[in-house]
Amino acid sequence: MQRIDWSAPWFAAVADGGLALESLNGAEVAPRLNALGHAPVRFVPQQALPDGVAYEQFIFDTAQVPTRDNLHDLFNGLVWHRFPLTKVGLNRRQAQAIAELGGVGQVRGPVRDALTLFDENVALLQAPPALWAALLARDWQRLFVDGRGLWQQARMVVFGHALMEKLVQPYKSITAHVLTWAVPEALGADLAAWDAWLAGELVRQPLVPKPFTPLPVLGVPGWWPENEAPDFYADVTVFRPPRPARA
């Protein structure tokens, strides 16, 4: 945890919990997460997961999250604390998908794939319509250069815990999957309200096809000093143009 800069904008949603964890004694992640206070689950050592039982099913059946002593699971626990309603909703939909498939097989299926991607790599965006239009078109010039001033009216929040883990050591090509369910501007910066809204959308919205669009997160204005350079967004290996439509 000494490597984590909790002041970085991509950790804003979980920074309070992260700083609180740093103040706790002990090397094991699970008891430290439990010490943060109320959560809809309890964190237990990874060994508590029985052989042959799916991770998501175990959480659904027991309200316990098997947790390893690593950054990946630490961030997962912090997201459970910050977005408890959404995490419960994701787990419920995973359990439903497992039941519909008749158990866990070699193929996860499109719904479980989408849920896993959501859980691991999603970012949430609240932004003016002009920014949304540019993002969905993958028009990086319009999104980040022409529309740069509009980002003062936008909020991006990292949700995926694998994405957070990557950002401990940031590099230019780290790409989030932005959820295309636009966060209502009426919710402001209240992340508890975002959580309630998002949990409700999980009940109503389809997950196939996947409701995500890519965004290299270090391109967000104000998130990375290097993106102030005029040629930062000219790197087509990172800011890739949209694929041409098939005939």
# chains A, B, ... in the order shown; residues from 1 in each chain; ligands from 1
>>> residues_around(residues="A:Ala192", least_positions_apart="4", cutoff="9 Å", atoms="only C-alpha atoms", output="PyMOL selection string")
chain A and resi 82-83+196-197
>>> write_last_selection(atoms="C-alpha atoms", output="mmCIF file, in the first residue's frame")
data_model
loop_
_atom_site.group_PDB
_atom_site.id
_atom_site.type_symbol
_atom_site.label_atom_id
_atom_site.label_comp_id
_atom_site.auth_asym_id
_atom_site.auth_seq_id
_atom_site.Cartn_x
_atom_site.Cartn_y
_atom_site.Cartn_z
ATOM 1 C CA ARG A 82 -18.127 2.588 -1.520
ATOM 2 C CA PHE A 83 -20.704 1.019 -3.868
ATOM 3 C CA ALA A 196 -28.407 3.683 -5.610
ATOM 4 C CA TRP A 197 -29.017 4.802 -9.189
#
>>> select_by_dssp(residues="stretch 91-205 of chain A", states="strand (DSSP E)", output="list in words")
Val122, Ala123, Leu124, Leu125, Gln126, Arg155, Met156, Val157, Val158, Thr175, Ala176, His177, Val178 and Leu179 of chain A
>>> select_by_dssp(residues="stretch 26-221 of chain A", states="helix (DSSP H, G or I)", output="ChimeraX atom specification")
/A:29-34,46-48,55-62,71-82,84-100,110-121,129-136,140-146,148-153,161-166,185-187,191-204,217-219
>>> residues_around(residues="A:Leu124", least_positions_apart="5", cutoff="7 Å", atoms="only C-alpha atoms", output="short mmCIF file (atom, residue, chain, number, x, y, z; two decimals) with N, CA, C and O atoms, in the first residue's frame")
data_model
loop_
_atom_site.label_atom_id
_atom_site.label_comp_id
_atom_site.auth_asym_id
_atom_site.auth_seq_id
_atom_site.Cartn_x
_atom_site.Cartn_y
_atom_site.Cartn_z
N MET A 156 -15.72 11.84 -13.82
CA MET A 156 -15.45 10.44 -14.11
C MET A 156 -15.01 9.76 -12.84
O MET A 156 -14.16 10.26 -12.10
N VAL A 157 -15.60 8.60 -12.57
CA VAL A 157 -15.30 7.84 -11.36
C VAL A 157 -14.89 6.42 -11.76
O VAL A 157 -15.61 5.74 -12.49
N VAL A 158 -13.74 5.99 -11.29
CA VAL A 158 -13.29 4.63 -11.53
C VAL A 158 -14.03 3.70 -10.57
O VAL A 158 -14.04 3.91 -9.35
N PHE A 159 -14.65 2.65 -11.13
CA PHE A 159 -15.38 1.66 -10.35
C PHE A 159 -14.64 0.32 -10.33
O PHE A 159 -14.58 -0.36 -9.32
N VAL A 178 -15.92 2.57 -20.26
CA VAL A 178 -16.90 3.51 -19.70
C VAL A 178 -18.29 2.93 -19.89
O VAL A 178 -18.68 2.55 -21.00
N LEU A 179 -19.03 2.87 -18.81
CA LEU A 179 -20.41 2.41 -18.88
C LEU A 179 -21.24 3.42 -19.65
O LEU A 179 -21.22 4.62 -19.33
#
>>> residues_around(residues="A:Leu90", least_positions_apart="6", cutoff="8 Å", atoms="only C-alpha atoms", output="mmCIF file with N, CA, C and O atoms, in the first residue's frame")
data_model
loop_
_atom_site.group_PDB
_atom_site.id
_atom_site.type_symbol
_atom_site.label_atom_id
_atom_site.label_comp_id
_atom_site.auth_asym_id
_atom_site.auth_seq_id
_atom_site.Cartn_x
_atom_site.Cartn_y
_atom_site.Cartn_z
ATOM 1 N N LEU A 115 -20.786 -8.899 -16.984
ATOM 2 C CA LEU A 115 -20.766 -8.602 -15.551
ATOM 3 C C LEU A 115 -19.340 -8.567 -15.013
ATOM 4 O O LEU A 115 -18.986 -7.708 -14.193
ATOM 5 N N ASP A 119 -17.424 -5.352 -13.381
ATOM 6 C CA ASP A 119 -16.855 -5.400 -12.038
ATOM 7 C C ASP A 119 -15.370 -5.046 -12.033
ATOM 8 O O ASP A 119 -14.875 -4.379 -11.114
ATOM 9 N N LEU A 202 -28.957 -1.692 -12.925
ATOM 10 C CA LEU A 202 -28.564 -3.086 -13.102
ATOM 11 C C LEU A 202 -29.767 -4.015 -13.169
ATOM 12 O O LEU A 202 -29.721 -5.052 -13.821
#
>>> atom_distance(atom1="atom CA of A:Ser23", atom2="atom CA of A:Val168")
18.8 Å
>>> closest_residue(among="A:Pro214, A:Leu125, A:Leu163, A:Asp16", to="A:Leu187", atoms="only C-alpha atoms")
A:Leu125
>>> closest_residue(among="A:Phe232, A:Trp223, A:Gly200, A:Val111", to="A:Ser7", atoms="only C-alpha atoms")
A:Trp223
